[in-house]
4 protein chains.
Amino acid sequence: MSHNTFGHLFRVTTFGESHGVALGCVVDGCPPGIAFTLAELQRWLDKRKPGQSRFVTQRREDDVVKVLSGVMPQEDGFTYVTTGTPIALVIENTDQRSKDYSEISRQYRPGHADYTYDVKYGVRDYRGGGRSSARETAARVAAGGIARKVLPGVKFRGALVQIGDRPINRRNWDWDSVDTNPFFAPDPEIVPVWEDYLDEVRKAGSSVGAIIEVVAEGVPAGLGAPIYAKLDQDICAGLMSINAVKGVEIGNGFLAATIRGEDNADEMRIGPDGKPIFLSNHAGGILGGISTGQPIVARFAVKPTSSILNERRSIDADGNEVDIRTKGRHDPCVGIRAVPIGEAMLACTIADHYLRDRGQTGRSRLADDD
Amino acid sequence: MSHNTFGHLFRVTTFGESHGVALGCVVDGCPPGIAFTLAELQRWLDKRKPGQSRFVTQRREDDVVKVLSGVMPQEDGFTYVTTGTPIALVIENTDQRSKDYSEISRQYRPGHADYTYDVKYGVRDYRGGGRSSARETAARVAAGGIARKVLPGVKFRGALVQIGDRPINRRNWDWDSVDTNPFFAPDPEIVPVWEDYLDEVRKAGSSVGAIIEVVAEGVPAGLGAPIYAKLDQDICAGLMSINAVKGVEIGNGFLAATIRGEDNADEMRIGPDGKPIFLSNHAGGILGGISTGQPIVARFAVKPTSSILNERRSIDADGNEVDIRTKGRHDPCVGIRAVPIGEAMLACTIADHYLRDRGQTGRSRLADDD
Amino acid sequence: MSHNTFGHLFRVTTFGESHGVALGCVVDGCPPGIAFTLAELQRWLDKRKPGQSRFVTQRREDDVVKVLSGVMPQEDGFTYVTTGTPIALVIENTDQRSKDYSEISRQYRPGHADYTYDVKYGVRDYRGGGRSSARETAARVAAGGIARKVLPGVKFRGALVQIGDRPINRRNWDWDSVDTNPFFAPDPEIVPVWEDYLDEVRKAGSSVGAIIEVVAEGVPAGLGAPIYAKLDQDICAGLMSINAVKGVEIGNGFLAATIRGEDNADEMRIGPDGKPIFLSNHAGGILGGISTGQPIVARFAVKPTSSILNERRSIDADGNEVDIRTKGRHDPCVGIRAVPIGEAMLACTIADHYLRDRGQTGRSRLADDD
Amino acid sequence: MSHNTFGHLFRVTTFGESHGVALGCVVDGCPPGIAFTLAELQRWLDKRKPGQSRFVTQRREDDVVKVLSGVMPQEDGFTYVTTGTPIALVIENTDQRSKDYSEISRQYRPGHADYTYDVKYGVRDYRGGGRSSARETAARVAAGGIARKVLPGVKFRGALVQIGDRPINRRNWDWDSVDTNPFFAPDPEIVPVWEDYLDEVRKAGSSVGAIIEVVAEGVPAGLGAPIYAKLDQDICAGLMSINAVKGVEIGNGFLAATIRGEDNADEMRIGPDGKPIFLSNHAGGILGGISTGQPIVARFAVKPTSSILNERRSIDADGNEVDIRTKGRHDPCVGIRAVPIGEAMLACTIADHYLRDRGQTGRSRLADDD
């Protein structure tokens, strides 16, 4: 039963609201004996941090992660070693300015969860979106940092492959490009295109969506469990749980529906080292819900943020019709910051399946397999 | 922890292989006091049944469902009433011809789960695909029949909206058309197009994929639970668990990534009866993971079946390179029969969330809410 | 979320009522490659079977177990090999005589679940106790037979250590005695005592309770997971789920409350082979929720059956006061047949924790560890 | 799958070690709209707090609980209202003196979890017992404070009914006595007896166990779910998860094994108000795993603490034989402080089953039922 927990053997429970005291997570089931530093976790949080370019929200959050439990501090003063007990990570909210929320506290912003939270719970933390704010994903990114440590032989990477109706040119794909531009774009040629495009969108007070691709390389074959614990199913569920995501796909994804059987199936041969190889990866590294050993490739679509400067029709909690216009800081493309979040969800999900296959205490962690 | 179970309060555990003794499921958590007949379940199984047109596999399966437990038979001789205890449903395999599997038992068919099952388990039921066969979905369809009974006020429907690269014209949408053609097409004009297209594909020994849309109307607002039990997340996980599915989306789905914020968010007004209404349904009936009360709309992409008559390169379990051509019965578009399966997964998932919200024994079932 | 399922990686879902069509279970998560025969499962079912002495109910049930899925039948015609997919086991109800239940269908037998099922569900399968009948435990015993196969290096045994107020003399303990008397008594000297005692109880139309001890030898150290998946916690939960059980204890159990710290803690030394040894086993093989490598010892108390020939005061579903006397076959001590059930629950629970620790596919099964 | 989480719809995940930065819990699934103050939670923590008499450990912990999330602070400055999102509660460790742990870090204290943690995890937080310390239970007591608020109509109380071999006289039972003596004794006459007894034990450097009884009054009939989510099963699992507990029982418990059927079953009659009444409560308020509406009564046995001043034989992590004597603060009867912990586990478990029965959002909370 999950409400605010995902994973089964590598389990992440998140808590916290946008403008509460703090947010964080408990990572339960992490194998013992894994060394990490806060700087290693902070690296991923910084990647998700707002305010790093004019294309994302200007809210200032330092997002400094602290560890409360589950580790033995080492003598060097900055390394922690996991003990197999639950790791609590906390990020304090430092930008909780005392604001006047009286107006927005009763109004339902179109495209937001305001209305549905009120219907379900009858009460809602309206301060900065409360629990429905994407701020919750900071905790996931921290947890993802732990998950990466569980699988040191696996490389988890992500990139933005489309903003609005402007996709990258996949022939230009260069992973080295991703961290050199404000979009996590793997295609250097698309960067100026997106800059102009998003400047226009931002000035128009509007927003656009995006498509993110996340890839895991080095995943051993055999992870995943049919029928209802398929690896692709769990990856999609994890990505779908990210705020504003409306679609997910694996490998060829929706494109697979449009092509022929002979073009979609991946042929096999024996490689020079005598091991099986696939001649293509239309499947995205998963067949029958189980990993093939090829790179795992997933994509997800993020809708345009609903908080725009243009006036929209809505209602309030008292049954009045109102017109709403988001004030203040404005995020023309929330999809950009979803890249490190998608990576984190992929890492956590694969770590979970790795432990399901190899056991909870993970004596034979991936590093040892080689 | 799920292997072969999905749902939390309305839980379905399936079992059985394509050519074993029988397959079936245990539906656990169904509220008591619900009356149903086997004919009502059989209706959905018949919709999924193979051999009903030249466009699907000619394997003959009667798929007659029997109930072993969880019910009190009524005096009329055909009505059952649920007691709140687990309902075991069984479908015997009648078409288990003794065949010579010696060749295929060691070969990995490209695009199939043969290789990954062998890697994971070291042993594999190669008879008709074993557990990885879509035959397992017959059990889901039976469970879906029970789920529909849990929510008598909700209408679950599905339709095929694209075969290969030939989409329907959505302006022609007519639900009444769906059951009058062999494709579950909601657009009467597409039927002759698809007939010609699939005849060509079939004659070429090839296959194509498809896109299915499933809709639930009458779902009360407030179902779903952030953050990791979002209704859309669970729907997508359910659809993704269906064989050959490579992508899932809710509402505008991937299209949402390409349009602007003002075009994607659904505005609200107060309706003539004083209740909130939405002026559009781009969200597909779910905001923040919680149902809005609008129709829930999901789509999923099914890849072309990998069993084609054309020869493909592969390997066998002994490390030999082989060339494989599927013999015998051949399914040019497995996506067609996925329509009732998608409906069943949608029904089970929403029944599950309904019980989470309203309680396990479901004293206040939807029918009583009105 | 469990209703009718227990275990996490080795999961057992049972279904079926006392007088329905059939009962059975789905064993999900069993590792692949395990060979077994139905005769091996039947052995445990026969041990639980009623009608084997005058001290247990005379109801005649053959309890023949069949396997529907999850296995590959081998060429010898009677061996099955598990494939890692769910194993469905079914036992048909052959003794479903058409009886007149009109009286009992509305009356609440004191000490039975009749009243609480009616309160909870509003409907109840009154035929032979329905789902609340101990007949459900036949499915557990079958599942336990599979669990034993998962852990070939572990010996699971049980014995009756007390009937009513007549305990065995533990100094006479002889495991070989257990299968040579109708009570599963490990003390040959208690057998004539219990015979006379139970004959008296039976003739008086009354019943008595019993205490059962179950032991697992050969369990590797390190199984169990603090804090809420403690091995002793899960063992106790499993035993507590057996019908009529009112108390459970591990090692010294309730006695531990009455003795001093120096008498209860188990001292350690290095054994002749250089490995750690414990000098006593007051802990029952578990410390901090994790196995020590010593034998795991648990006991559970079964209440006297509430179905007695003497008249008792009760009410019916219509609010009338009634006097109830159980007619027909009568079981003076249900605790006797609880011995194989306790063994089965212990085996399933330890198999589950074994897989949690070592991984779902159990590549390194216990047999291989040596 | 639980490691450090218990409950299904009312879920508690605890984290933290004895001498780490902080410990706490995340309470997930708490219904919205429940008002509480920190003082109301602190009341239960203070009851568990060490150092309150010479009969418990003198470690000084203030155990001040803070709330990080899941609530809306109200204008009065001290009331919180739950929002349905996860409630994170944190208790900072203030007594983390920098100590020399070099000796104990390698030694296995008899009767402690030192050895098993090392076997399982290969690493262990030896500072004050780390995660295996009873200090973890402070988080449960805080969660129990929330659970009590979920069920305002239910009274959860506990008492110590036996220390060592000295039971109370149940005829003297007086709930008002419980909070007037350092033992939570319901029998005023036992107080001087236990004072003398424990003084003797303490001076001898030894320890004794205890038996605790917890009672829930006002629980509605119909909670619990056969077969593997029985209310008594879940209560026993919860109590068994408390440190040092070796046995649990419901109602007559082990005594039920020794008496006759006619003496153990609870007869029924129609009460003056026309409602069913039970004439006794041997069952402890649960039949067939479902609550009867009578008080729920459970007992659990706590072993004597293994940390005693007398020297005991053991080994260290390097395979040396050593003799261990616990130094410093010493707890002659850990069972005393288990009373509020048992109450908390009972409250959390019943709240969980209440929500399973009535639904996650708990619109119809117990207070409204009346």
# chains A, B, ... in the order shown; residues from 1 in each chain; ligands from 1
call {"tool": "residues_around", "arguments": {"residues": "range 200-203 of chain D", "least_positions_apart": "5", "cutoff": "9 Å", "atoms": "only C-alpha atoms", "output": "ChimeraX atom specification"}}
result
/C:260 /D:55,195,208,330-333
call {"tool": "closest_atom_pairs", "arguments": {"of": "chain B", "to": "chain C", "cutoff": "8 Å", "atoms": "only C-alpha atoms", "output": "JSON lines"}}
result
{"residue": "B:Met1", "atom": "CA", "partner": "C:His8", "partner_atom": "CA", "distance": 5.9}
{"residue": "B:His3", "atom": "CA", "partner": "C:Gly29", "partner_atom": "CA", "distance": 6.9}
{"residue": "B:Asn4", "atom": "CA", "partner": "C:Asp28", "partner_atom": "CA", "distance": 6.9}
{"residue": "B:His8", "atom": "CA", "partner": "C:Met1", "partner_atom": "CA", "distance": 5.9}
{"residue": "B:Leu9", "atom": "CA", "partner": "C:Met1", "partner_atom": "CA", "distance": 7.1}
{"residue": "B:Thr14", "atom": "CA", "partner": "C:Pro86", "partner_atom": "CA", "distance": 7.8}
{"residue": "B:Phe15", "atom": "CA", "partner": "C:Pro86", "partner_atom": "CA", "distance": 5.4}
{"residue": "B:Gly16", "atom": "CA", "partner": "C:Ser69", "partner_atom": "CA", "distance": 4.8}
{"residue": "B:Glu17", "atom": "CA", "partner": "C:Ser69", "partner_atom": "CA", "distance": 6.3}
{"residue": "B:Gly20", "atom": "CA", "partner": "C:Ser69", "partner_atom": "CA", "distance": 6.0}
{"residue": "B:Val21", "atom": "CA", "partner": "C:Leu68", "partner_atom": "CA", "distance": 5.2}
{"residue": "B:Ala22", "atom": "CA", "partner": "C:Leu68", "partner_atom": "CA", "distance": 5.6}
{"residue": "B:Leu23", "atom": "CA", "partner": "C:Ser69", "partner_atom": "CA", "distance": 7.1}
{"residue": "B:Val26", "atom": "CA", "partner": "C:Phe15", "partner_atom": "CA", "distance": 7.3}
{"residue": "B:Asp28", "atom": "CA", "partner": "C:Asn4", "partner_atom": "CA", "distance": 7.0}
{"residue": "B:Gly29", "atom": "CA", "partner": "C:His3", "partner_atom": "CA", "distance": 6.9}
{"residue": "B:Pro31", "atom": "CA", "partner": "C:Tyr121", "partner_atom": "CA", "distance": 7.8}
{"residue": "B:Pro32", "atom": "CA", "partner": "C:Tyr121", "partner_atom": "CA", "distance": 5.7}
{"residue": "B:Gly33", "atom": "CA", "partner": "C:Val123", "partner_atom": "CA", "distance": 6.6}
{"residue": "B:Leu68", "atom": "CA", "partner": "C:Val21", "partner_atom": "CA", "distance": 5.2}
{"residue": "B:Ser69", "atom": "CA", "partner": "C:Gly16", "partner_atom": "CA", "distance": 4.8}
{"residue": "B:Gly70", "atom": "CA", "partner": "C:Gly16", "partner_atom": "CA", "distance": 6.6}
{"residue": "B:Val71", "atom": "CA", "partner": "C:Asp125", "partner_atom": "CA", "distance": 7.8}
{"residue": "B:Met72", "atom": "CA", "partner": "C:Asp125", "partner_atom": "CA", "distance": 6.4}
{"residue": "B:Thr83", "atom": "CA", "partner": "C:Val123", "partner_atom": "CA", "distance": 5.8}
{"residue": "B:Gly84", "atom": "CA", "partner": "C:Tyr121", "partner_atom": "CA", "distance": 6.4}
{"residue": "B:Thr85", "atom": "CA", "partner": "C:Arg131", "partner_atom": "CA", "distance": 7.0}
{"residue": "B:Pro86", "atom": "CA", "partner": "C:Phe15", "partner_atom": "CA", "distance": 5.4}
{"residue": "B:Ile87", "atom": "CA", "partner": "C:Phe15", "partner_atom": "CA", "distance": 7.0}
{"residue": "B:Ala88", "atom": "CA", "partner": "C:Phe15", "partner_atom": "CA", "distance": 6.5}
{"residue": "B:Lys120", "atom": "CA", "partner": "C:Thr361", "partner_atom": "CA", "distance": 7.3}
{"residue": "B:Tyr121", "atom": "CA", "partner": "C:Pro32", "partner_atom": "CA", "distance": 5.7}
{"residue": "B:Gly122", "atom": "CA", "partner": "C:Pro32", "partner_atom": "CA", "distance": 7.4}
{"residue": "B:Val123", "atom": "CA", "partner": "C:Thr83", "partner_atom": "CA", "distance": 5.8}
{"residue": "B:Arg124", "atom": "CA", "partner": "C:Thr83", "partner_atom": "CA", "distance": 6.0}
{"residue": "B:Asp125", "atom": "CA", "partner": "C:Met72", "partner_atom": "CA", "distance": 6.4}
{"residue": "B:Arg131", "atom": "CA", "partner": "C:Thr85", "partner_atom": "CA", "distance": 7.0}
{"residue": "B:Thr361", "atom": "CA", "partner": "C:Tyr121", "partner_atom": "CA", "distance": 6.7}
call {"tool": "closest_residue", "arguments": {"among": "B:His353, B:Lys303, B:Lys275, B:Arg337", "to": "Asp318 in chain A", "atoms": "only C-alpha atoms"}}
result
B:Lys275
call {"tool": "select_by_dssp", "arguments": {"residues": "range 34-250 of chain C", "states": "strand (DSSP E)", "output": "JSON, numbers by chain"}}
result
{"C": [35, 36, 37, 65, 66, 67, 71, 72, 73, 79, 80, 81, 82, 87, 88, 89, 90, 91, 92, 155, 156, 157, 158, 159, 160, 161, 162, 163, 166, 167, 210, 211, 212, 213, 214, 215, 216, 217, 245, 246, 247, 248, 249, 250]}
call {"tool": "decode", "arguments": {"residues": "range 26-69 of chain B", "atoms": "N, CA and C atoms", "output": "PDB file, in the first residue's frame"}}
result
ATOM      1  N   VAL B  26      -7.271 -14.847  -8.337  1.00  0.00           N
ATOM      2  CA  VAL B  26      -7.958 -14.687  -7.060  1.00  0.00           C
ATOM      3  C   VAL B  26      -8.220 -13.196  -6.887  1.00  0.00           C
ATOM      4  N   VAL B  27      -9.491 -12.835  -6.784  1.00  0.00           N
ATOM      5  CA  VAL B  27      -9.870 -11.442  -6.561  1.00  0.00           C
ATOM      6  C   VAL B  27     -10.134 -11.293  -5.070  1.00  0.00           C
ATOM      7  N   ASP B  28      -9.245 -10.582  -4.402  1.00  0.00           N
ATOM      8  CA  ASP B  28      -9.327 -10.463  -2.949  1.00  0.00           C
ATOM      9  C   ASP B  28      -9.678  -9.024  -2.590  1.00  0.00           C
ATOM     10  N   GLY B  29     -10.602  -8.857  -1.672  1.00  0.00           N
ATOM     11  CA  GLY B  29     -10.977  -7.523  -1.237  1.00  0.00           C
ATOM     12  C   GLY B  29     -12.252  -7.022  -1.879  1.00  0.00           C
ATOM     13  N   CYS B  30     -12.890  -7.867  -2.671  1.00  0.00           N
ATOM     14  CA  CYS B  30     -14.166  -7.458  -3.261  1.00  0.00           C
ATOM     15  C   CYS B  30     -15.192  -7.285  -2.142  1.00  0.00           C
ATOM     16  N   PRO B  31     -15.906  -6.190  -2.123  1.00  0.00           N
ATOM     17  CA  PRO B  31     -16.915  -5.998  -1.078  1.00  0.00           C
ATOM     18  C   PRO B  31     -17.978  -7.095  -1.112  1.00  0.00           C
ATOM     19  N   PRO B  32     -18.596  -7.337   0.018  1.00  0.00           N
ATOM     20  CA  PRO B  32     -19.650  -8.354   0.078  1.00  0.00           C
ATOM     21  C   PRO B  32     -20.965  -7.843  -0.495  1.00  0.00           C
ATOM     22  N   GLY B  33     -21.850  -8.789  -0.803  1.00  0.00           N
ATOM     23  CA  GLY B  33     -23.211  -8.422  -1.162  1.00  0.00           C
ATOM     24  C   GLY B  33     -23.404  -8.013  -2.601  1.00  0.00           C
ATOM     25  N   ILE B  34     -22.413  -8.298  -3.439  1.00  0.00           N
ATOM     26  CA  ILE B  34     -22.527  -7.939  -4.855  1.00  0.00           C
ATOM     27  C   ILE B  34     -22.999  -9.155  -5.637  1.00  0.00           C
ATOM     28  N   ALA B  35     -24.088  -9.001  -6.368  1.00  0.00           N
ATOM     29  CA  ALA B  35     -24.635 -10.110  -7.150  1.00  0.00           C
ATOM     30  C   ALA B  35     -24.077 -10.086  -8.563  1.00  0.00           C
ATOM     31  N   PHE B  36     -23.719 -11.263  -9.070  1.00  0.00           N
ATOM     32  CA  PHE B  36     -23.282 -11.353 -10.471  1.00  0.00           C
ATOM     33  C   PHE B  36     -23.546 -12.755 -10.990  1.00  0.00           C
ATOM     34  N   THR B  37     -23.525 -12.876 -12.311  1.00  0.00           N
ATOM     35  CA  THR B  37     -23.660 -14.188 -12.936  1.00  0.00           C
ATOM     36  C   THR B  37     -22.403 -14.474 -13.749  1.00  0.00           C
ATOM     37  N   LEU B  38     -22.159 -15.740 -14.002  1.00  0.00           N
ATOM     38  CA  LEU B  38     -21.007 -16.080 -14.837  1.00  0.00           C
ATOM     39  C   LEU B  38     -21.175 -15.511 -16.239  1.00  0.00           C
ATOM     40  N   ALA B  39     -22.418 -15.429 -16.697  1.00  0.00           N
ATOM     41  CA  ALA B  39     -22.648 -14.882 -18.036  1.00  0.00           C
ATOM     42  C   ALA B  39     -22.165 -13.440 -18.118  1.00  0.00           C
ATOM     43  N   GLU B  40     -22.302 -12.721 -17.015  1.00  0.00           N
ATOM     44  CA  GLU B  40     -21.840 -11.325 -17.024  1.00  0.00           C
ATOM     45  C   GLU B  40     -20.315 -11.252 -17.140  1.00  0.00           C
ATOM     46  N   LEU B  41     -19.619 -12.181 -16.506  1.00  0.00           N
ATOM     47  CA  LEU B  41     -18.157 -12.213 -16.662  1.00  0.00           C
ATOM     48  C   LEU B  41     -17.788 -12.709 -18.064  1.00  0.00           C
ATOM     49  N   GLN B  42     -18.531 -13.729 -18.510  1.00  0.00           N
ATOM     50  CA  GLN B  42     -18.201 -14.364 -19.785  1.00  0.00           C
ATOM     51  C   GLN B  42     -18.302 -13.364 -20.939  1.00  0.00           C
ATOM     52  N   ARG B  43     -19.195 -12.431 -20.804  1.00  0.00           N
ATOM     53  CA  ARG B  43     -19.372 -11.407 -21.849  1.00  0.00           C
ATOM     54  C   ARG B  43     -18.047 -10.720 -22.184  1.00  0.00           C
ATOM     55  N   TRP B  44     -17.286 -10.380 -21.158  1.00  0.00           N
ATOM     56  CA  TRP B  44     -16.022  -9.670 -21.399  1.00  0.00           C
ATOM     57  C   TRP B  44     -14.961 -10.622 -21.919  1.00  0.00           C
ATOM     58  N   LEU B  45     -14.988 -11.863 -21.420  1.00  0.00           N
ATOM     59  CA  LEU B  45     -14.028 -12.855 -21.912  1.00  0.00           C
ATOM     60  C   LEU B  45     -14.267 -13.136 -23.387  1.00  0.00           C
ATOM     61  N   ASP B  46     -15.511 -13.187 -23.768  1.00  0.00           N
ATOM     62  CA  ASP B  46     -15.813 -13.455 -25.175  1.00  0.00           C
ATOM     63  C   ASP B  46     -15.309 -12.330 -26.073  1.00  0.00           C
ATOM     64  N   LYS B  47     -15.348 -11.112 -25.547  1.00  0.00           N
ATOM     65  CA  LYS B  47     -14.871  -9.962 -26.318  1.00  0.00           C
ATOM     66  C   LYS B  47     -13.370 -10.083 -26.589  1.00  0.00           C
ATOM     67  N   ARG B  48     -12.642 -10.673 -25.628  1.00  0.00           N
ATOM     68  CA  ARG B  48     -11.193 -10.843 -25.755  1.00  0.00           C
ATOM     69  C   ARG B  48     -10.823 -12.110 -26.520  1.00  0.00           C
ATOM     70  N   LYS B  49     -11.756 -13.005 -26.686  1.00  0.00           N
ATOM     71  CA  LYS B  49     -11.500 -14.355 -27.191  1.00  0.00           C
ATOM     72  C   LYS B  49     -10.877 -14.318 -28.589  1.00  0.00           C
ATOM     73  N   PRO B  50      -9.891 -15.166 -28.836  1.00  0.00           N
ATOM     74  CA  PRO B  50      -9.280 -15.191 -30.171  1.00  0.00           C
ATOM     75  C   PRO B  50     -10.203 -15.853 -31.187  1.00  0.00           C
ATOM     76  N   GLY B  51      -9.827 -15.735 -32.426  1.00  0.00           N
ATOM     77  CA  GLY B  51     -10.507 -16.482 -33.480  1.00  0.00           C
ATOM     78  C   GLY B  51     -11.807 -15.886 -33.947  1.00  0.00           C
ATOM     79  N   GLN B  52     -12.053 -14.624 -33.614  1.00  0.00           N
ATOM     80  CA  GLN B  52     -13.352 -14.055 -33.962  1.00  0.00           C
ATOM     81  C   GLN B  52     -13.359 -13.307 -35.301  1.00  0.00           C
ATOM     82  N   SER B  53     -12.190 -13.066 -35.854  1.00  0.00           N
ATOM     83  CA  SER B  53     -12.136 -12.498 -37.202  1.00  0.00           C
ATOM     84  C   SER B  53     -10.801 -12.886 -37.801  1.00  0.00           C
ATOM     85  N   ARG B  54     -10.638 -12.612 -39.087  1.00  0.00           N
ATOM     86  CA  ARG B  54      -9.380 -13.011 -39.726  1.00  0.00           C
ATOM     87  C   ARG B  54      -8.224 -12.101 -39.311  1.00  0.00           C
ATOM     88  N   PHE B  55      -8.521 -11.073 -38.518  1.00  0.00           N
ATOM     89  CA  PHE B  55      -7.482 -10.107 -38.159  1.00  0.00           C
ATOM     90  C   PHE B  55      -6.792 -10.446 -36.833  1.00  0.00           C
ATOM     91  N   VAL B  56      -7.252 -11.485 -36.197  1.00  0.00           N
ATOM     92  CA  VAL B  56      -6.604 -11.901 -34.944  1.00  0.00           C
ATOM     93  C   VAL B  56      -6.246 -13.379 -35.021  1.00  0.00           C
ATOM     94  N   THR B  57      -5.454 -13.830 -34.025  1.00  0.00           N
ATOM     95  CA  THR B  57      -4.976 -15.205 -34.058  1.00  0.00           C
ATOM     96  C   THR B  57      -6.139 -16.197 -34.119  1.00  0.00           C
ATOM     97  N   GLN B  58      -5.900 -17.303 -34.833  1.00  0.00           N
ATOM     98  CA  GLN B  58      -6.952 -18.287 -35.033  1.00  0.00           C
ATOM     99  C   GLN B  58      -6.963 -19.363 -33.950  1.00  0.00           C
ATOM    100  N   ARG B  59      -6.081 -19.247 -32.978  1.00  0.00           N
ATOM    101  CA  ARG B  59      -6.118 -20.209 -31.871  1.00  0.00           C
ATOM    102  C   ARG B  59      -7.530 -20.272 -31.304  1.00  0.00           C
ATOM    103  N   ARG B  60      -7.994 -21.484 -31.053  1.00  0.00           N
ATOM    104  CA  ARG B  60      -9.357 -21.634 -30.554  1.00  0.00           C
ATOM    105  C   ARG B  60      -9.322 -21.862 -29.043  1.00  0.00           C
ATOM    106  N   GLU B  61      -9.894 -20.935 -28.346  1.00  0.00           N
ATOM    107  CA  GLU B  61      -9.997 -21.088 -26.894  1.00  0.00           C
ATOM    108  C   GLU B  61     -11.406 -20.734 -26.496  1.00  0.00           C
ATOM    109  N   ASP B  62     -12.005 -21.585 -25.718  1.00  0.00           N
ATOM    110  CA  ASP B  62     -13.355 -21.256 -25.310  1.00  0.00           C
ATOM    111  C   ASP B  62     -13.379 -20.305 -24.128  1.00  0.00           C
ATOM    112  N   ASP B  63     -12.341 -20.370 -23.311  1.00  0.00           N
ATOM    113  CA  ASP B  63     -12.232 -19.418 -22.198  1.00  0.00           C
ATOM    114  C   ASP B  63     -13.475 -19.375 -21.336  1.00  0.00           C
ATOM    115  N   VAL B  64     -13.908 -20.550 -20.900  1.00  0.00           N
ATOM    116  CA  VAL B  64     -15.086 -20.593 -20.042  1.00  0.00           C
ATOM    117  C   VAL B  64     -14.645 -20.408 -18.591  1.00  0.00           C
ATOM    118  N   VAL B  65     -15.199 -19.389 -17.957  1.00  0.00           N
ATOM    119  CA  VAL B  65     -14.774 -19.062 -16.596  1.00  0.00           C
ATOM    120  C   VAL B  65     -15.664 -19.775 -15.569  1.00  0.00           C
ATOM    121  N   LYS B  66     -15.010 -20.283 -14.518  1.00  0.00           N
ATOM    122  CA  LYS B  66     -15.718 -20.905 -13.403  1.00  0.00           C
ATOM    123  C   LYS B  66     -15.322 -20.205 -12.106  1.00  0.00           C
ATOM    124  N   VAL B  67     -16.223 -20.223 -11.127  1.00  0.00           N
ATOM    125  CA  VAL B  67     -15.923 -19.595  -9.841  1.00  0.00           C
ATOM    126  C   VAL B  67     -15.796 -20.686  -8.777  1.00  0.00           C
ATOM    127  N   LEU B  68     -14.708 -20.649  -8.019  1.00  0.00           N
ATOM    128  CA  LEU B  68     -14.435 -21.693  -7.028  1.00  0.00           C
ATOM    129  C   LEU B  68     -14.760 -21.279  -5.605  1.00  0.00           C
ATOM    130  N   SER B  69     -14.801 -19.981  -5.339  1.00  0.00           N
ATOM    131  CA  SER B  69     -14.903 -19.558  -3.934  1.00  0.00           C
ATOM    132  C   SER B  69     -15.353 -18.119  -3.837  1.00  0.00           C
TER     133      SER B  69
END
